[in-house]
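Scroll down for the structure; my scribbles are underneath it.
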Amino acid sequence: MDRNEVRRAWDAVSETYAERRSPDGSDAQLIDDLLERLPENPAVLDVGCGDGARTLANLPAGSVGLDISRRALELASETVPTARLIQGELSELPIGDRQFDAITAYHAVFHVRRERHPTVYDEFARVLHPGGRLLMTLPGGRFETVRQGWMGGRMFFSTPGRERTLTQLRESGFADLRTETATDPLGSQSEFVFATRE
């Protein structure tokens, strides 16, 4: 699936995805850990924000949510009315350089083709201040597939695997990588990585 197909796929399943997620999950606690390491009144970007209920809603007021799906952003505007919302794609962030103290990217990067992941991480580094922080889901396996019937629709997933992802983050200028496992809103275990832009 190309990015336009992914956008349409998310437009189609955004409401179902929002309805099926549990409001609980230890992944939210990782955001608290992130915020403790940021300056006062930090500028935070949540990429792949979806409807905003899980990640964006736990970030400081005025944080920025970015998503490829217009429908997801409509839902986010209702869920987190204090957020600033932008439609965009991860490998071409419509954002200036060095704008943010932190980026969160929960279950987002693996909807971009894996050959574009290094560009995504370069973009993350570009929009972060030096010393800025990244918190993102770390993929467990290496795969590229379209899952038919996912959330009542279809969805594209693509990842080069855990170790290659960690290497790509380092190559894009991230250091001090630390991983933690947490429960995600769909009830499964996911690994996350904290990283600092050099």
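We label chains A, B, ... in the order they appear in the structure tokens, count residues from 1 in each chain, and number ligands from 1 in the order shown.
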
Tell me, as a list of chain:residue names, which residues lie within 8 Å of A:Thr55, counting only C-alpha atoms; anything in the same chain fewer than 2 positions away does not count. A:Ala28, A:Ile31, A:Asp46, A:Cys49, A:Gly52, A:Ala53, A:Ala57, A:Asn58, A:Leu59, A:Thr104, A:Tyr106

Put those residues in a file: C-alpha atoms, as a JSON list (two decimals), in the first residue's frame.
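File again_14.json, as written:
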[["chain", "number", "residue", "atom", "x", "y", "z"],
["A", 28, "ALA", "CA", 0.62, 5.50, 29.36],
["A", 31, "ILE", "CA", 4.71, 9.06, 28.98],
["A", 46, "ASP", "CA", 2.73, 13.08, 18.95],
["A", 49, "CYS", "CA", -1.84, 10.58, 17.12],
["A", 52, "GLY", "CA", -5.77, 11.33, 20.59],
["A", 53, "ALA", "CA", -7.24, 9.38, 23.49],
["A", 57, "ALA", "CA", -4.45, 13.27, 25.83],
["A", 58, "ASN", "CA", -1.64, 12.47, 28.30],
["A", 59, "LEU", "CA", 0.70, 15.14, 26.96],
["A", 104, "THR", "CA", 6.01, 10.30, 20.93],
["A", 106, "TYR", "CA", 3.10, 4.93, 19.49]]

Residue neighbourhood A:Phe157, 8 Å, only C-alpha atoms, exclusion window fewer than 5 positions, as a PyMOL selection string: chain A and resi 110-113+143-147

Go ahead and save the residues from that selection, with N, CA and C atoms, as a PDB file, in the first residue's frame.
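The result, stored in part_23.pdb:
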ATOM      1  N   PHE A 110       5.466   1.712  11.889  1.00  0.00           N
ATOM      2  CA  PHE A 110       5.334   0.492  11.082  1.00  0.00           C
ATOM      3  C   PHE A 110       4.186   0.536  10.075  1.00  0.00           C
ATOM      4  N   HIS A 111       3.524   1.681   9.947  1.00  0.00           N
ATOM      5  CA  HIS A 111       2.569   1.863   8.853  1.00  0.00           C
ATOM      6  C   HIS A 111       3.217   2.571   7.653  1.00  0.00           C
ATOM      7  N   VAL A 112       4.504   2.861   7.760  1.00  0.00           N
ATOM      8  CA  VAL A 112       5.302   3.422   6.669  1.00  0.00           C
ATOM      9  C   VAL A 112       6.171   2.296   6.111  1.00  0.00           C
ATOM     10  N   ARG A 113       6.387   2.271   4.802  1.00  0.00           N
ATOM     11  CA  ARG A 113       7.247   1.239   4.216  1.00  0.00           C
ATOM     12  C   ARG A 113       8.617   1.238   4.884  1.00  0.00           C
ATOM     13  N   PHE A 143       8.783  -7.867   9.024  1.00  0.00           N
ATOM     14  CA  PHE A 143       7.681  -8.287   8.159  1.00  0.00           C
ATOM     15  C   PHE A 143       7.179  -7.111   7.334  1.00  0.00           C
ATOM     16  N   GLU A 144       6.451  -7.408   6.295  1.00  0.00           N
ATOM     17  CA  GLU A 144       5.721  -6.419   5.506  1.00  0.00           C
ATOM     18  C   GLU A 144       4.470  -7.104   4.986  1.00  0.00           C
ATOM     19  N   THR A 145       3.315  -6.586   5.364  1.00  0.00           N
ATOM     20  CA  THR A 145       2.070  -7.272   5.035  1.00  0.00           C
ATOM     21  C   THR A 145       0.903  -6.307   5.039  1.00  0.00           C
ATOM     22  N   VAL A 146      -0.158  -6.701   4.369  1.00  0.00           N
ATOM     23  CA  VAL A 146      -1.444  -6.023   4.480  1.00  0.00           C
ATOM     24  C   VAL A 146      -2.377  -6.980   5.212  1.00  0.00           C
ATOM     25  N   ARG A 147      -2.856  -6.565   6.371  1.00  0.00           N
ATOM     26  CA  ARG A 147      -3.750  -7.408   7.162  1.00  0.00           C
ATOM     27  C   ARG A 147      -5.192  -7.123   6.769  1.00  0.00           C
TER      28      ARG A 147
END

Selection near A:Asn41, 12 Å with only C-alpha atoms, sequence-local residues under 5 positions removed, as a ChimeraX atom specification: /A:35-36,59-63,100-102

Using DSSP on the backbone coordinates, identify the residues of chain A assigned to helix (DSSP H, G or I); present them as a ChimeraX atom specification. /A:3-20,27-36,56-58,70-79,109-111,114-127,162-171

Run DSSP on the backbone of this structure and report the residues of stretch 81-162 of chain A it assigns to strand (DSSP E or B), as a ChimeraX atom specification. /A:84-87,89,92,100-105,128-138,142-150,153-160

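Closest to A:Gly131 among A:Gly65, A:Gly25, A:Gly173, A:Gly152 is A:Gly173, based on only C-alpha atoms.
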
Find the spatial neighbours of stretch 176-185 of chain A, counting only C-alpha atoms, within a cut-off of 8 Å - ignore same-chain residues fewer than 2 positions away - and output them as a PyMOL selection string. chain A and resi 21-27+54+166+174+187-196

Neighbours of A:Thr16 within 10 Å (only C-alpha atoms; same-chain residues fewer than 2 positions away dropped), as number ranges by chain? A: 10, 12-14, 18-21, 150-153

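Taking only C-alpha atoms into account, A:Gly96 lies nearest to A:Leu128 out of the set A:Leu128, A:Leu56, A:Val80, A:Leu75.
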